[in-house]
Amino acid sequence: MSDPIYLDHQATTPLDPRVLEKMLPFFCDIYGNPSSIDHLHGHKAKQEVDAARKNIAKHLGCRKESEIVFTGGATEANNLALIGAFRRHKGKGRHIVATAIEHPAVLDCLKYLETEGAEVTLLPVDGDGVVDLNSLQDAIKEETILVSVMFANNEIGTFQSIREIGELVKSKSILFHVDAAQAVGHVPVHVYDMNIDLMSFSAHKFYGPKGVGGLFVRSFSPMVRLDSVYYGGGQERALRPGTLNVPGIVGMAKALELACLQQGSENQRMKQLTSRISAALSDQYSDIFINGHSENKLSHNLSITIPGIEAKALIHQLRDELSFSAGSACSTLKVAPSHVLKAIGLSDDECFQTIRMSLGRSNLEAETIISKLTLAISQLMK
């Protein structure tokens, strides 16, 4: 029996074979510790890490490669940015602004920071999942030291107006953090043009390896300083000490390079596929609705509410044919309605009747997906 069609690329993406090929020598051949620069083995590894850092910095619009700090993924980068910024700047104020639809890696971190004395304001969003700039303006006060807004939502795919938000935040001399885990590699990202001070990303969201990511830390206008959350050997400007994951870092750089090359054509293809699927389902089931902004969203995202059909039941029905989720993979262990879907106005029942499909490079046509979905929905409606 063939494997199910994979439709959960926002949870993780398969490793691109070209990325694997680039990584392989760094497991057995170029295996030195890049911090051991006194000998050739370590020097070779450091050269490759430096080249990867430079490549990533170039594709993200950094001014210096040193602005990229390697981490174990976006969750770690979010923690490093938020906790590090708060501890560094809490003498100026303790107020942080974020949105109600942030990833748990941000929301849970902010809950923790409240135990350290932070005051947190979570901004509402409209029915498309967009935060209002006027609401942000009103929320900022003299004690505000940090604003954190995700680039693209992990459940409904909606983009925020990052450049405009960054311009507003910058005018107030406040730090601006962006969780760009779902955006990097999929849409153009330029940290300086977008007025971003801190930005988190993760390789496995754009066909790179798991267990590696990064944090952009701005070095110019302003030079952003963070307190360390970890202690150890002083690697990564003492912000993330520990032996570097050389294969992962090299793989991440290659994956980002390939993703940026394919970005335009792949987004166009994804938009055609998701539009075809959503149109076919809407034609057959008139009460189905698509969540998220109709235009300003990830082209490969489909969040679909199917009244009368439990998402978990549909997933179970199609377990051997399609792999998709009932929401974010990071929160599926919680038997609670999605905080993102609640924030855009869905009822508890509608939250549990919502599936998330996120397409990717391996999805070449829509018709098989449509036929399998419609058959399963019809069977469950009987």
# chains A, B, ... in the order shown; residues from 1 in each chain; ligands from 1
>>> select_by_dssp(residues="stretch 239-309 of chain A", states="helix (DSSP H, G or I)", output="MDAnalysis selection string")
chainID A and resid 246:284
>>> residues_around(residues="A:Gln263", least_positions_apart="3", cutoff="7 Å", atoms="only C-alpha atoms", output="number ranges by chain")
A: 186-187, 259-260, 266-267
>>> write_last_selection(atoms="N, CA and C atoms", output="PDB file, in the first residue's frame")
ATOM      1  N   HIS A 186       9.418  30.971   2.279  1.00  0.00           N
ATOM      2  CA  HIS A 186       8.165  30.905   1.519  1.00  0.00           C
ATOM      3  C   HIS A 186       7.769  32.238   0.892  1.00  0.00           C
ATOM      4  N   VAL A 187       8.154  33.320   1.530  1.00  0.00           N
ATOM      5  CA  VAL A 187       7.877  34.661   0.995  1.00  0.00           C
ATOM      6  C   VAL A 187       9.124  35.506   1.182  1.00  0.00           C
ATOM      7  N   ALA A 259      15.035  27.384  -1.490  1.00  0.00           N
ATOM      8  CA  ALA A 259      13.668  27.876  -1.297  1.00  0.00           C
ATOM      9  C   ALA A 259      13.488  29.260  -1.912  1.00  0.00           C
ATOM     10  N   CYS A 260      14.474  30.115  -1.733  1.00  0.00           N
ATOM     11  CA  CYS A 260      14.382  31.471  -2.284  1.00  0.00           C
ATOM     12  C   CYS A 260      14.414  31.455  -3.814  1.00  0.00           C
ATOM     13  N   GLU A 266       6.857  28.559  -7.049  1.00  0.00           N
ATOM     14  CA  GLU A 266       6.186  27.636  -6.129  1.00  0.00           C
ATOM     15  C   GLU A 266       4.951  28.279  -5.516  1.00  0.00           C
ATOM     16  N   ASN A 267       5.015  29.559  -5.180  1.00  0.00           N
ATOM     17  CA  ASN A 267       3.843  30.244  -4.628  1.00  0.00           C
ATOM     18  C   ASN A 267       2.714  30.312  -5.640  1.00  0.00           C
TER      19      ASN A 267
END
>>> atom_distance(atom1="atom CA of A:Glu116", atom2="atom CA of A:Ser221")
28.0 Å
>>> residues_around(residues="stretch 373-378 of chain A", least_positions_apart="3", cutoff="9 Å", atoms="only C-alpha atoms", output="ChimeraX atom specification")
/A:280-281,284-285,306,309,314,317-318,322,368-370,381-382
>>> closest_residue(among="A:Ser323, A:Asn363, A:Asn291, A:Gln268", to="A:Cys351", atoms="only C-alpha atoms")
A:Asn291
>>> closest_residue(among="A:Lys312, A:Arg163, A:Lys22, A:Lys92", to="A:Ala52", atoms="only C-alpha atoms")
A:Lys22
>>> atom_distance(atom1="atom CA of A:Leu20", atom2="atom CA of A:Ser36")
24.8 Å
>>> closest_residue(among="A:Leu256, A:Ala238, A:Met150, A:Leu7", to="A:His300", atoms="only C-alpha atoms")
A:Leu7
>>> decode(residues="stretch 211-321 of chain A", atoms="C-alpha atoms", output="PDB file, in the first residue's frame")
ATOM      1  CA  GLY A 211      16.776  20.674  15.118  1.00  0.00           C
ATOM      2  CA  VAL A 212      18.340  23.841  13.711  1.00  0.00           C
ATOM      3  CA  GLY A 213      17.147  27.403  13.300  1.00  0.00           C
ATOM      4  CA  GLY A 214      18.243  30.928  13.926  1.00  0.00           C
ATOM      5  CA  LEU A 215      17.636  34.336  15.422  1.00  0.00           C
ATOM      6  CA  PHE A 216      18.367  37.578  13.612  1.00  0.00           C
ATOM      7  CA  VAL A 217      19.681  40.190  16.053  1.00  0.00           C
ATOM      8  CA  ARG A 218      19.966  43.664  14.497  1.00  0.00           C
ATOM      9  CA  SER A 219      23.354  45.356  14.822  1.00  0.00           C
ATOM     10  CA  PHE A 220      22.616  48.765  13.319  1.00  0.00           C
ATOM     11  CA  SER A 221      20.109  51.498  14.212  1.00  0.00           C
ATOM     12  CA  PRO A 222      19.661  50.220  16.835  1.00  0.00           C
ATOM     13  CA  MET A 223      22.315  47.756  17.927  1.00  0.00           C
ATOM     14  CA  VAL A 224      20.137  45.253  19.755  1.00  0.00           C
ATOM     15  CA  ARG A 225      21.534  43.758  22.924  1.00  0.00           C
ATOM     16  CA  LEU A 226      20.127  40.711  24.722  1.00  0.00           C
ATOM     17  CA  ASP A 227      20.916  39.142  28.059  1.00  0.00           C
ATOM     18  CA  SER A 228      22.021  35.555  27.724  1.00  0.00           C
ATOM     19  CA  VAL A 229      19.528  32.880  28.663  1.00  0.00           C
ATOM     20  CA  TYR A 230      22.219  30.172  28.636  1.00  0.00           C
ATOM     21  CA  TYR A 231      25.715  29.849  30.057  1.00  0.00           C
ATOM     22  CA  GLY A 232      28.623  27.839  28.735  1.00  0.00           C
ATOM     23  CA  GLY A 233      31.396  28.101  26.191  1.00  0.00           C
ATOM     24  CA  GLY A 234      30.589  31.508  24.743  1.00  0.00           C
ATOM     25  CA  GLN A 235      29.652  30.370  21.219  1.00  0.00           C
ATOM     26  CA  GLU A 236      27.247  32.487  19.131  1.00  0.00           C
ATOM     27  CA  ARG A 237      28.230  35.747  20.821  1.00  0.00           C
ATOM     28  CA  ALA A 238      27.584  34.018  24.178  1.00  0.00           C
ATOM     29  CA  LEU A 239      23.863  34.087  23.367  1.00  0.00           C
ATOM     30  CA  ARG A 240      23.622  30.392  22.515  1.00  0.00           C
ATOM     31  CA  PRO A 241      26.691  28.571  23.850  1.00  0.00           C
ATOM     32  CA  GLY A 242      27.358  24.968  22.948  1.00  0.00           C
ATOM     33  CA  THR A 243      28.964  23.016  20.130  1.00  0.00           C
ATOM     34  CA  LEU A 244      27.449  24.082  16.830  1.00  0.00           C
ATOM     35  CA  ASN A 245      25.370  21.680  14.744  1.00  0.00           C
ATOM     36  CA  VAL A 246      27.557  21.932  11.642  1.00  0.00           C
ATOM     37  CA  PRO A 247      25.582  19.532   9.379  1.00  0.00           C
ATOM     38  CA  GLY A 248      22.332  21.225  10.362  1.00  0.00           C
ATOM     39  CA  ILE A 249      23.670  24.737   9.808  1.00  0.00           C
ATOM     40  CA  VAL A 250      25.116  23.850   6.407  1.00  0.00           C
ATOM     41  CA  GLY A 251      21.845  22.144   5.477  1.00  0.00           C
ATOM     42  CA  MET A 252      19.755  25.108   6.596  1.00  0.00           C
ATOM     43  CA  ALA A 253      21.767  27.494   4.427  1.00  0.00           C
ATOM     44  CA  LYS A 254      21.362  25.236   1.385  1.00  0.00           C
ATOM     45  CA  ALA A 255      17.635  24.788   2.031  1.00  0.00           C
ATOM     46  CA  LEU A 256      17.085  28.541   2.276  1.00  0.00           C
ATOM     47  CA  GLU A 257      19.052  29.165  -0.892  1.00  0.00           C
ATOM     48  CA  LEU A 258      16.934  26.637  -2.815  1.00  0.00           C
ATOM     49  CA  ALA A 259      13.668  27.876  -1.297  1.00  0.00           C
ATOM     50  CA  CYS A 260      14.382  31.471  -2.284  1.00  0.00           C
ATOM     51  CA  LEU A 261      15.220  30.408  -5.847  1.00  0.00           C
ATOM     52  CA  GLN A 262      11.892  28.550  -6.204  1.00  0.00           C
ATOM     53  CA  GLN A 263       9.771  30.990  -4.206  1.00  0.00           C
ATOM     54  CA  GLY A 264       7.945  32.808  -7.004  1.00  0.00           C
ATOM     55  CA  SER A 265       7.038  29.807  -9.129  1.00  0.00           C
ATOM     56  CA  GLU A 266       6.186  27.636  -6.129  1.00  0.00           C
ATOM     57  CA  ASN A 267       3.843  30.244  -4.628  1.00  0.00           C
ATOM     58  CA  GLN A 268       2.031  30.569  -7.940  1.00  0.00           C
ATOM     59  CA  ARG A 269       1.648  26.798  -8.169  1.00  0.00           C
ATOM     60  CA  MET A 270       0.483  26.495  -4.563  1.00  0.00           C
ATOM     61  CA  LYS A 271      -2.109  29.219  -5.046  1.00  0.00           C
ATOM     62  CA  GLN A 272      -3.567  27.357  -8.020  1.00  0.00           C
ATOM     63  CA  LEU A 273      -3.768  24.087  -6.054  1.00  0.00           C
ATOM     64  CA  THR A 274      -5.317  25.548  -2.905  1.00  0.00           C
ATOM     65  CA  SER A 275      -7.778  27.632  -4.944  1.00  0.00           C
ATOM     66  CA  ARG A 276      -8.858  24.529  -6.858  1.00  0.00           C
ATOM     67  CA  ILE A 277      -9.379  22.520  -3.659  1.00  0.00           C
ATOM     68  CA  SER A 278     -11.278  25.263  -1.826  1.00  0.00           C
ATOM     69  CA  ALA A 279     -13.484  25.980  -4.860  1.00  0.00           C
ATOM     70  CA  ALA A 280     -14.338  22.300  -5.335  1.00  0.00           C
ATOM     71  CA  LEU A 281     -15.251  21.826  -1.678  1.00  0.00           C
ATOM     72  CA  SER A 282     -17.296  25.050  -1.581  1.00  0.00           C
ATOM     73  CA  ASP A 283     -19.202  23.994  -4.707  1.00  0.00           C
ATOM     74  CA  GLN A 284     -20.124  20.639  -3.205  1.00  0.00           C
ATOM     75  CA  TYR A 285     -20.737  21.760   0.408  1.00  0.00           C
ATOM     76  CA  SER A 286     -22.166  25.265   0.547  1.00  0.00           C
ATOM     77  CA  ASP A 287     -21.757  25.719   4.312  1.00  0.00           C
ATOM     78  CA  ILE A 288     -17.991  25.052   4.296  1.00  0.00           C
ATOM     79  CA  PHE A 289     -15.870  28.143   4.877  1.00  0.00           C
ATOM     80  CA  ILE A 290     -12.176  28.954   4.515  1.00  0.00           C
ATOM     81  CA  ASN A 291     -10.395  30.696   7.383  1.00  0.00           C
ATOM     82  CA  GLY A 292      -7.771  33.387   7.054  1.00  0.00           C
ATOM     83  CA  HIS A 293      -7.353  36.325   4.710  1.00  0.00           C
ATOM     84  CA  SER A 294      -8.483  35.624   1.148  1.00  0.00           C
ATOM     85  CA  GLU A 295      -5.342  37.147  -0.409  1.00  0.00           C
ATOM     86  CA  ASN A 296      -2.715  38.106   2.169  1.00  0.00           C
ATOM     87  CA  LYS A 297      -1.832  34.645   3.386  1.00  0.00           C
ATOM     88  CA  LEU A 298       0.506  31.741   2.755  1.00  0.00           C
ATOM     89  CA  SER A 299      -0.285  30.305  -0.655  1.00  0.00           C
ATOM     90  CA  HIS A 300       0.023  26.703   0.576  1.00  0.00           C
ATOM     91  CA  ASN A 301      -2.312  27.060   3.568  1.00  0.00           C
ATOM     92  CA  LEU A 302      -5.919  25.857   3.709  1.00  0.00           C
ATOM     93  CA  SER A 303      -7.828  26.136   6.985  1.00  0.00           C
ATOM     94  CA  ILE A 304     -11.301  24.728   6.340  1.00  0.00           C
ATOM     95  CA  THR A 305     -14.278  24.587   8.681  1.00  0.00           C
ATOM     96  CA  ILE A 306     -16.751  21.839   7.780  1.00  0.00           C
ATOM     97  CA  PRO A 307     -19.939  22.244   9.868  1.00  0.00           C
ATOM     98  CA  GLY A 308     -21.261  18.931  11.160  1.00  0.00           C
ATOM     99  CA  ILE A 309     -17.987  17.056  10.650  1.00  0.00           C
ATOM    100  CA  GLU A 310     -15.549  16.559  13.502  1.00  0.00           C
ATOM    101  CA  ALA A 311     -12.007  17.215  12.307  1.00  0.00           C
ATOM    102  CA  LYS A 312     -10.603  14.265  14.252  1.00  0.00           C
ATOM    103  CA  ALA A 313     -13.175  11.942  12.691  1.00  0.00           C
ATOM    104  CA  LEU A 314     -12.249  13.110   9.201  1.00  0.00           C
ATOM    105  CA  ILE A 315      -8.541  12.701   9.925  1.00  0.00           C
ATOM    106  CA  HIS A 316      -9.169   9.173  11.208  1.00  0.00           C
ATOM    107  CA  GLN A 317     -11.344   8.342   8.183  1.00  0.00           C
ATOM    108  CA  LEU A 318      -8.560   9.404   5.809  1.00  0.00           C
ATOM    109  CA  ARG A 319      -5.637   8.189   7.881  1.00  0.00           C
ATOM    110  CA  ASP A 320      -4.366   5.810   5.179  1.00  0.00           C
ATOM    111  CA  GLU A 321      -4.954   8.242   2.304  1.00  0.00           C
TER     112      GLU A 321
END
